[in-house]
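Just final.tsv here, TSV, C-alpha atoms:
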chain	number	residue	atom	x	y	z
A	35	MET	CA	-5.52	-50.30	-1.97
A	36	VAL	CA	-4.77	-49.16	-5.52
A	37	GLY	CA	-3.80	-45.51	-5.90
A	38	VAL	CA	-2.85	-44.99	-2.24
A	39	ARG	CA	0.83	-44.37	-1.58
A	40	ARG	CA	2.31	-45.32	1.76
A	41	ILE	CA	3.69	-42.44	3.78
A	42	GLU	CA	7.41	-42.99	4.28
A	43	GLY	CA	9.82	-41.61	6.81
A	44	PHE	CA	10.92	-38.67	4.67
A	45	ASP	CA	7.30	-37.70	4.05
A	46	LEU	CA	6.66	-37.67	7.79
A	47	LEU	CA	9.70	-35.46	8.29
A	48	VAL	CA	8.46	-33.00	5.66
A	49	ILE	CA	4.98	-32.95	7.23
A	50	ALA	CA	6.47	-32.36	10.68
A	51	VAL	CA	8.66	-29.51	9.44
A	52	LEU	CA	5.71	-27.89	7.64
A	53	PHE	CA	3.53	-28.26	10.73
A	54	VAL	CA	6.12	-26.64	12.99
A	55	THR	CA	6.75	-23.86	10.46
A	56	GLY	CA	3.03	-23.21	10.16
A	57	ALA	CA	2.58	-23.12	13.93
A	58	VAL	CA	5.51	-20.73	14.38
A	59	THR	CA	4.11	-18.50	11.64
A	60	LEU	CA	0.50	-18.52	12.85
A	61	TYR	CA	1.13	-18.08	16.56
A	62	PRO	CA	2.08	-14.37	16.43
A	63	VAL	CA	-0.96	-13.65	14.25
A	64	ILE	CA	-3.31	-15.51	16.61
A	65	ASN	CA	-1.70	-13.85	19.62
A	66	VAL	CA	-2.11	-10.36	18.17
A	67	PHE	CA	-5.72	-11.09	17.18
A	68	SER	CA	-6.54	-12.45	20.66
A	69	ILE	CA	-5.02	-9.40	22.36
A	70	SER	CA	-7.04	-7.07	20.13
A	71	LEU	CA	-10.27	-8.84	21.21
A	72	SER	CA	-9.47	-8.92	24.94
A	73	HIS	CA	-10.21	-6.41	27.65
A	74	PRO	CA	-7.16	-4.26	28.51
A	75	ASN	CA	-7.24	-5.51	32.11
A	76	GLU	CA	-6.81	-9.08	30.85
A	77	VAL	CA	-4.11	-8.02	28.41
A	78	ALA	CA	-2.02	-6.85	31.35
A	79	ARG	CA	-2.17	-10.40	32.76
A	80	GLY	CA	-1.01	-11.94	29.49
A	81	ILE	CA	-2.81	-13.39	26.46
A	82	THR	CA	-1.63	-16.45	24.55
A	83	TRP	CA	-4.09	-18.23	22.23
A	84	LEU	CA	-7.64	-17.23	23.13
A	85	PRO	CA	-9.04	-13.78	24.01
A	86	ARG	CA	-10.17	-13.12	27.56
A	87	SER	CA	-13.12	-10.93	28.59
A	88	PHE	CA	-14.18	-10.50	24.97
A	89	ASP	CA	-14.13	-6.76	24.24
A	90	LEU	CA	-14.69	-4.95	20.91
A	91	SER	CA	-14.33	-1.43	22.28
A	92	ALA	CA	-11.04	-0.83	20.43
A	93	TYR	CA	-12.57	-1.90	17.10
A	94	GLU	CA	-15.69	0.18	17.75
A	95	PHE	CA	-13.61	3.27	18.46
A	96	ILE	CA	-11.48	2.82	15.35
A	97	LEU	CA	-14.35	2.05	12.96
A	98	ASP	CA	-16.44	4.95	14.35
A	99	HIS	CA	-13.62	7.43	13.78
A	100	PRO	CA	-14.65	9.96	11.08
A	101	MET	CA	-11.36	9.58	9.18
A	102	ILE	CA	-11.29	5.79	8.89
A	103	GLY	CA	-13.63	5.85	5.90
A	104	VAL	CA	-11.39	8.43	4.22
A	105	GLY	CA	-8.40	6.16	4.77
A	106	TYR	CA	-10.12	3.14	3.24
A	107	ARG	CA	-11.32	5.19	0.28
A	108	ASN	CA	-7.89	6.67	-0.43
A	109	SER	CA	-6.10	3.34	-0.05
A	110	LEU	CA	-8.51	1.67	-2.46
A	111	ILE	CA	-7.86	4.45	-4.99
A	112	TYR	CA	-4.10	4.17	-4.56
A	113	VAL	CA	-4.22	0.38	-4.88
A	114	THR	CA	-6.49	0.39	-7.95
A	115	VAL	CA	-4.90	3.23	-9.90
A	116	GLY	CA	-1.37	2.46	-8.75
A	117	THR	CA	-1.51	-1.24	-9.57
A	118	ALA	CA	-2.94	-0.47	-13.01
A	119	ILE	CA	-0.09	1.95	-13.70
A	120	ASN	CA	2.46	-0.54	-12.38
A	121	LEU	CA	1.21	-3.40	-14.55
A	122	VAL	CA	1.04	-1.31	-17.72
A	123	MET	CA	4.50	0.19	-17.26
A	124	THR	CA	6.07	-3.11	-16.20
A	125	CYS	CA	4.60	-4.95	-19.20
A	126	LEU	CA	5.81	-2.28	-21.61
A	127	CYS	CA	9.31	-2.57	-20.14
A	128	ALA	CA	9.47	-6.35	-19.72
A	129	TYR	CA	8.09	-7.40	-23.13
A	130	PRO	CA	10.76	-5.81	-25.38
A	131	LEU	CA	13.53	-6.85	-22.96
A	132	SER	CA	12.34	-10.47	-23.22
A	133	LYS	CA	13.30	-10.54	-26.91
A	134	LYS	CA	16.76	-11.93	-27.64
A	135	GLY	CA	17.26	-9.83	-30.75
A	136	LEU	CA	16.76	-6.46	-29.05
A	137	VAL	CA	19.88	-4.33	-29.50
A	138	GLY	CA	21.31	-3.08	-26.21
A	139	SER	CA	18.99	-5.19	-24.05
A	140	LYS	CA	21.85	-6.43	-21.86
A	141	PHE	CA	23.02	-2.89	-21.18
A	142	VAL	CA	19.49	-1.77	-20.33
A	143	MET	CA	19.08	-4.76	-17.98
A	144	LEU	CA	22.37	-3.83	-16.32
A	145	LEU	CA	21.07	-0.32	-15.67
A	146	ILE	CA	17.82	-1.68	-14.27
A	147	VAL	CA	19.57	-4.15	-11.97
A	148	PHE	CA	21.87	-1.31	-10.84
A	149	THR	CA	18.83	0.55	-9.47
A	150	MET	CA	18.04	-2.44	-7.23
A	151	PHE	CA	21.24	-1.84	-5.27
A	152	PHE	CA	21.77	1.93	-5.54
A	153	SER	CA	19.37	4.87	-5.46
A	154	GLY	CA	19.61	8.62	-5.64
A	155	GLY	CA	18.64	9.02	-1.99
A	156	LEU	CA	15.70	10.59	-0.22
A	157	ILE	CA	16.60	14.27	-0.63
A	158	PRO	CA	17.25	14.18	-4.42
A	159	THR	CA	14.08	12.13	-4.88
A	160	TYR	CA	12.04	14.64	-2.88
A	161	LEU	CA	13.51	17.55	-4.84
A	162	LEU	CA	12.61	15.81	-8.10
A	163	VAL	CA	9.06	15.09	-6.98
A	164	ARG	CA	8.67	18.71	-5.85
A	165	ALA	CA	10.08	20.03	-9.12
A	166	LEU	CA	7.49	17.96	-11.00
A	167	GLY	CA	4.72	19.52	-8.90
A	168	MET	CA	3.59	16.24	-7.36
A	169	VAL	CA	4.05	17.05	-3.67
A	170	ASN	CA	0.76	16.69	-1.76
A	171	THR	CA	-0.86	14.88	-4.69
A	172	MET	CA	-1.73	11.22	-5.19
A	173	TRP	CA	0.79	11.04	-8.04
A	174	ALA	CA	3.66	11.37	-5.57
A	175	LEU	CA	2.72	7.90	-4.29
A	176	LEU	CA	2.14	6.37	-7.74
A	177	ILE	CA	4.57	7.70	-10.35
A	178	PRO	CA	8.02	7.42	-8.66
A	179	GLY	CA	7.50	3.69	-8.09
A	180	ALA	CA	5.73	2.94	-11.35
A	181	ILE	CA	8.15	0.09	-12.12
A	182	ALA	CA	9.82	-2.18	-9.56
A	183	ALA	CA	12.98	-3.71	-11.01
A	184	TYR	CA	12.45	-7.07	-9.29
A	185	ASN	CA	8.87	-7.39	-10.55
A	186	MET	CA	9.94	-6.39	-14.04
A	187	ILE	CA	12.59	-9.13	-14.07
A	188	ILE	CA	10.00	-11.72	-12.95
A	189	LEU	CA	7.60	-10.69	-15.72
A	190	ARG	CA	10.39	-10.57	-18.30
A	191	THR	CA	11.37	-14.13	-17.40
A	192	PHE	CA	7.72	-15.14	-17.62
A	193	PHE	CA	7.45	-13.67	-21.12
A	194	GLN	CA	10.57	-15.58	-22.15
A	195	SER	CA	8.87	-18.85	-21.17
A	196	ILE	CA	6.18	-18.35	-23.82
A	197	PRO	CA	7.02	-20.37	-26.98
A	198	GLY	CA	8.34	-18.14	-29.74
A	199	ASP	CA	6.48	-20.18	-32.36
A	200	LEU	CA	3.22	-18.56	-31.27
A	201	GLU	CA	4.51	-15.08	-32.05
A	202	GLU	CA	6.05	-16.19	-35.34
A	203	SER	CA	2.71	-17.63	-36.43
A	204	ALA	CA	0.99	-14.38	-35.50
A	205	PHE	CA	3.56	-12.43	-37.52
A	206	LEU	CA	2.85	-14.59	-40.57
A	207	ASP	CA	-0.85	-13.80	-40.14
A	208	GLY	CA	-0.10	-10.08	-40.20
A	209	ALA	CA	-0.27	-9.26	-36.48
A	210	GLY	CA	1.92	-6.48	-35.12
A	211	ARG	CA	3.76	-6.27	-31.82
A	212	TRP	CA	0.90	-4.53	-30.01
A	213	ARG	CA	-1.63	-7.11	-31.23
A	214	ILE	CA	0.64	-9.98	-30.23
A	215	LEU	CA	1.20	-8.48	-26.78
A	216	ALA	CA	-2.51	-7.90	-26.19
A	217	SER	CA	-3.93	-11.08	-27.78
A	218	ILE	CA	-1.25	-13.70	-27.15
A	219	VAL	CA	1.39	-12.76	-24.59
A	220	LEU	CA	-0.78	-11.18	-21.89
A	221	PRO	CA	-3.53	-13.86	-21.92
A	222	LEU	CA	-0.84	-16.52	-21.51
A	223	SER	CA	0.77	-14.58	-18.68
A	224	LYS	CA	-2.18	-14.33	-16.29
A	225	ALA	CA	-0.30	-16.15	-13.53
A	226	GLY	CA	2.70	-13.85	-13.78
A	227	LEU	CA	0.54	-10.73	-13.96
A	228	ALA	CA	-1.46	-11.89	-10.92
A	229	ALA	CA	1.76	-12.49	-8.98
A	230	ILE	CA	3.36	-9.11	-9.61
A	231	GLY	CA	-0.05	-7.43	-9.40
A	232	LEU	CA	-0.39	-8.77	-5.86
A	233	PHE	CA	3.12	-7.56	-5.02
A	234	TYR	CA	2.28	-4.07	-6.28
A	235	ALA	CA	-1.13	-4.00	-4.59
A	236	LEU	CA	0.37	-5.01	-1.23
A	237	GLY	CA	3.01	-2.34	-1.63
A	238	HIS	CA	0.40	0.36	-2.24
A	239	TRP	CA	-1.85	-0.86	0.55
A	240	ASN	CA	1.00	-0.86	3.08
A	241	SER	CA	2.50	2.38	1.77
A	242	TYR	CA	3.41	4.61	4.68
A	243	PHE	CA	6.78	6.31	4.31
A	244	ASN	CA	6.08	8.01	0.97
A	245	ALA	CA	2.77	9.33	2.29
A	246	LEU	CA	4.56	10.66	5.38
A	247	ILE	CA	7.12	12.46	3.20
A	248	TYR	CA	5.02	13.80	0.33
A	249	LEU	CA	1.50	14.37	1.69
A	250	ASN	CA	0.41	17.27	3.88
A	251	ASP	CA	-3.36	17.05	3.57
A	252	ALA	CA	-5.03	14.48	5.85
A	253	GLU	CA	-7.86	14.09	3.30
A	254	LYS	CA	-5.33	12.43	0.98
A	255	TYR	CA	-3.76	10.12	3.56
A	256	PRO	CA	-3.89	6.37	2.91
A	257	LEU	CA	-5.25	4.04	5.57
A	258	THR	CA	-1.85	3.44	7.13
A	259	MET	CA	-1.39	7.15	7.83
A	260	ILE	CA	-4.94	7.54	9.14
A	261	VAL	CA	-4.42	4.59	11.49
A	262	ARG	CA	-1.15	6.13	12.67
A	263	GLU	CA	-2.89	9.42	13.46
A	264	ILE	CA	-5.70	7.65	15.32
A	265	VAL	CA	-3.24	5.65	17.42
A	266	LEU	CA	-1.12	8.69	18.27
A	267	GLN	CA	-4.14	10.77	19.25
A	268	GLU	CA	-5.69	8.03	21.38
A	269	VAL	CA	-2.40	7.15	23.08
A	270	VAL	CA	-1.80	10.79	23.98
A	271	LEU	CA	-5.33	11.16	25.40
A	272	LYS	CA	-5.03	7.93	27.37
A	273	ARG	CA	-1.65	8.97	28.73
A	274	ALA	CA	-3.14	12.26	29.92
A	275	GLU	CA	-6.06	10.42	31.51
A	276	LEU	CA	-3.86	7.99	33.45
A	277	SER	CA	-0.98	10.33	34.23
A	278	GLY	CA	-0.24	11.49	37.74
A	279	ASP	CA	2.27	13.53	39.66
A	280	VAL	CA	3.94	10.43	41.07
A	281	PHE	CA	4.98	7.31	39.18
A	282	ASP	CA	2.42	4.57	39.66
A	283	ALA	CA	3.30	1.08	38.43
A	284	GLU	CA	-0.36	0.06	38.24
A	285	ARG	CA	-1.29	3.04	36.09
A	286	GLU	CA	1.68	2.39	33.82
A	287	ALA	CA	0.65	-1.26	33.43
A	288	LYS	CA	-2.91	-0.21	32.52
A	289	PHE	CA	-1.59	2.27	29.99
A	290	ALA	CA	0.72	-0.31	28.41
A	291	ALA	CA	-2.09	-2.88	28.21
A	292	TYR	CA	-4.55	-0.39	26.71
A	293	THR	CA	-1.98	0.78	24.17
A	294	GLN	CA	-1.17	-2.78	23.14
A	295	ASN	CA	-4.84	-3.70	22.78
A	296	PHE	CA	-5.59	-0.59	20.72
A	297	ARG	CA	-2.56	-0.90	18.44
A	298	TYR	CA	-3.20	-4.55	17.68
A	299	ALA	CA	-6.82	-3.75	16.81
A	300	THR	CA	-5.60	-1.17	14.28
A	301	VAL	CA	-3.32	-3.80	12.76
A	302	PHE	CA	-6.25	-6.06	11.91
A	303	VAL	CA	-8.44	-3.19	10.75
A	304	SER	CA	-5.76	-2.33	8.19
A	305	ILE	CA	-4.94	-5.85	6.96
A	306	ILE	CA	-8.43	-7.40	6.73
A	307	PRO	CA	-8.98	-6.40	3.05
A	308	MET	CA	-5.71	-8.02	2.01
A	309	LEU	CA	-6.52	-11.15	4.00
A	310	VAL	CA	-9.81	-11.40	2.10
A	311	VAL	CA	-8.21	-10.93	-1.34
A	312	TYR	CA	-5.14	-13.13	-0.89
A	313	PRO	CA	-6.82	-16.59	-0.98
A	314	PHE	CA	-8.28	-15.82	-4.43
A	315	VAL	CA	-4.89	-15.02	-5.99
A	316	GLN	CA	-2.68	-17.39	-3.99
A	317	ARG	CA	-2.46	-20.09	-6.67
A	318	TYR	CA	-1.52	-17.51	-9.30
A	319	LEU	CA	1.07	-16.05	-6.96
A	320	VAL	CA	2.81	-19.40	-6.38
A	321	GLN	CA	2.66	-20.36	-10.06
A	322	GLY	CA	3.93	-17.00	-11.23
A	323	VAL	CA	6.86	-16.87	-8.81
A	324	MET	CA	7.89	-20.47	-9.56
A	325	ILE	CA	7.87	-19.96	-13.32
A	326	GLY	CA	9.74	-16.71	-12.94
A	327	SER	CA	12.44	-18.46	-10.92
A	328	LEU	CA	13.01	-21.47	-13.16
A	329	LYS	CA	13.98	-19.83	-16.42
A	330	GLU	CA	16.53	-17.15	-17.10
Same coordinates, now as structure tokens:
Amino acid sequence: MVGVRRIEGFDLLVIAVLFVTGAVTLYPVINVFSISLSHPNEVARGITWLPRSFDLSAYEFILDHPMIGVGYRNSLIYVTVGTAINLVMTCLCAYPLSKKGLVGSKFVMLLIVFTMFFSGGLIPTYLLVRALGMVNTMWALLIPGAIAAYNMIILRTFFQSIPGDLEESAFLDGAGRWRILASIVLPLSKAGLAAIGLFYALGHWNSYFNALIYLNDAEKYPLTMIVREIVLQEVVLKRAELSGDVFDAEREAKFAAYTQNFRYATVFVSIIPMLVVYPFVQRYLVQGVMIGSLKE
């Protein structure tokens, strides 16, 4: 039949490798999801692919918690505002560094790459954030990481892939640097912006350590911190409920199974929004990363 290519041995090998890789990658996710939907008594017996004694009690408890809405709200704010700041700052840094005629660009790039391997450390960073008055504010989670060196390098390489003739033509028509950046460079860099935007958004959504260090008010906690508090509180209460004066293997097994079921439910509660968003930006992510890796 015209237009149909015969599958050869190498193609079969590639398909087999991809299938095995996909299965190895998906199995832990399916296992965690099945455990979160199973009754704790069944979890103690072992769950592999499918949930047993379908039970949503862990999800109901988490979603009914009064602070879970606060966590979602704060995380959405951090993701939206933080990603916007990241993209603006990264573009303003990457665009001039993408120009070959910029004086001192190599030295600046050397300094930026240096920060990828060495940092000032936690204590100096905390002292700086405190001196700037950002402790226990949302800005402590947004400003210190406004630019990621790796993402800036990807976007800089993406900008370098844009034909210079387009900018020269715009210059002849009287356009300035800002107009060229806004009207030519950024529209042609949607794939790269989507890629690094997703990186930044995932970083903000999964942010945990900075919130633990800089935030004291639970009303400002992101979802990851709220989930942590819920898990710790529930585990402590369950431990007190099942504790006894003498060690009991059965009680310990029930506690371990309940804890596992509850923790895995919190995992999916926290990652569902990203799972929903990812399919819509996947093609931009792949295209942006590939272009950023082919040209230097």
For Pro307 (chain A), find every residue with an atom within 12 Å (counting only C-alpha atoms), except residues of its own chain fewer than 6 positions away, and show them as a list in words.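 Surrounding residues, per the criterion: Tyr106, Ser109, Leu110, Val113, Ala235, Leu236, Trp239, Asn240, Leu257, Val301 and Pro313 of chain A.
Once region 132-138 of chain A and its same-chain neighbours fewer than 6 positions away are set aside, Leu189, Arg190, Thr191, Phe192, Phe193 and Gln194 of chain A remain within 9 Å of it when counting all atoms listed in the file.
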Closest of A:Ala252, A:Val169, A:Ala228, A:Ile69 to Ile264 (chain A) - atom-to-atom distances counting all atoms listed in the file: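 Using all atoms listed in the file, the shortest distance to Ile264 (chain A) belongs to A:Ala252.
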What is the CA of Asn250 (chain A) to CA of Thr171 (chain A) distance in Å?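 Between CA of Asn250 (chain A) and CA of Thr171 (chain A) the gap is 9.0 Å.
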Which residue, A:Met150, A:Val58, A:Leu121, A:Leu166, has the smallest gap to Pro178 (chain A) when you use all atoms listed in the file?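 Of A:Met150, A:Val58, A:Leu121, A:Leu166, the one nearest Pro178 (chain A), counting all atoms listed in the file, is A:Leu166.
Nearest residue to Ile188 (chain A), choosing from A:Tyr248, A:Phe233, A:Phe95, A:Phe151 and counting only C-alpha atoms: A:Phe233.
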Between CA of Asn295 (chain A) and CA of Leu266 (chain A), measure the distance and give it in Å to one decimal. 13.7 Å
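Between CA of Gly179 (chain A) and CA of Met259 (chain A) lies a distance of 18.6 Å.
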Ile64 (chain A) surroundings by all atoms listed in the file, 12 Å radius, close-in-sequence under 5 positions cut, as a short mmCIF file (atom, residue, chain, number, x, y, z; two decimals) with C-alpha atoms, in the coordinates of the input:
data_model
loop_
_atom_site.label_atom_id
_atom_site.label_comp_id
_atom_site.auth_asym_id
_atom_site.auth_seq_id
_atom_site.Cartn_x
_atom_site.Cartn_y
_atom_site.Cartn_z
CA GLY A 56 3.03 -23.21 10.16
CA ALA A 57 2.58 -23.12 13.93
CA VAL A 58 5.51 -20.73 14.38
CA THR A 59 4.11 -18.50 11.64
CA ILE A 69 -5.02 -9.40 22.36
CA SER A 70 -7.04 -7.07 20.13
CA LEU A 71 -10.27 -8.84 21.21
CA ILE A 81 -2.81 -13.39 26.46
CA THR A 82 -1.63 -16.45 24.55
CA TRP A 83 -4.09 -18.23 22.23
CA LEU A 84 -7.64 -17.23 23.13
CA PRO A 85 -9.04 -13.78 24.01
CA TYR A 298 -3.20 -4.55 17.68
CA PHE A 302 -6.25 -6.06 11.91
#
Rank A:Tyr160, A:Pro256, A:Thr117, A:Ser195 by their smallest atom-to-atom distance to Leu227 (chain A), using all atoms listed in the file, and report the top residue only. A:Thr117
Proximity to Ile146 (chain A) - best of A:Ile181, A:Ala174, A:Ala165, A:Leu126, only C-alpha atoms: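 For Ile146 (chain A), the nearest of the candidates is A:Ile181.
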Using only C-alpha atoms: which of A:Leu47, A:Ala118, A:Leu162, A:Val303 has the shortest distance to Leu232 (chain A): A:Ala118
At a cut-off of 12 Å, using only C-alpha atoms, what residues contact Arg86 (chain A)? Leave out same-chain residues fewer than 6 positions from it and give the result as an NGL selection string. :A and (65 or 67-80 or 295)
Can you list, as an NGL selection string, every protein, DNA or RNA residue that comes within 12 Å of Thr149 (chain A) when you count all atoms listed in the file, leaving out same-chain residues fewer than 4 positions away? :A and (142-145 or 153-155 or 179 or 181-184)
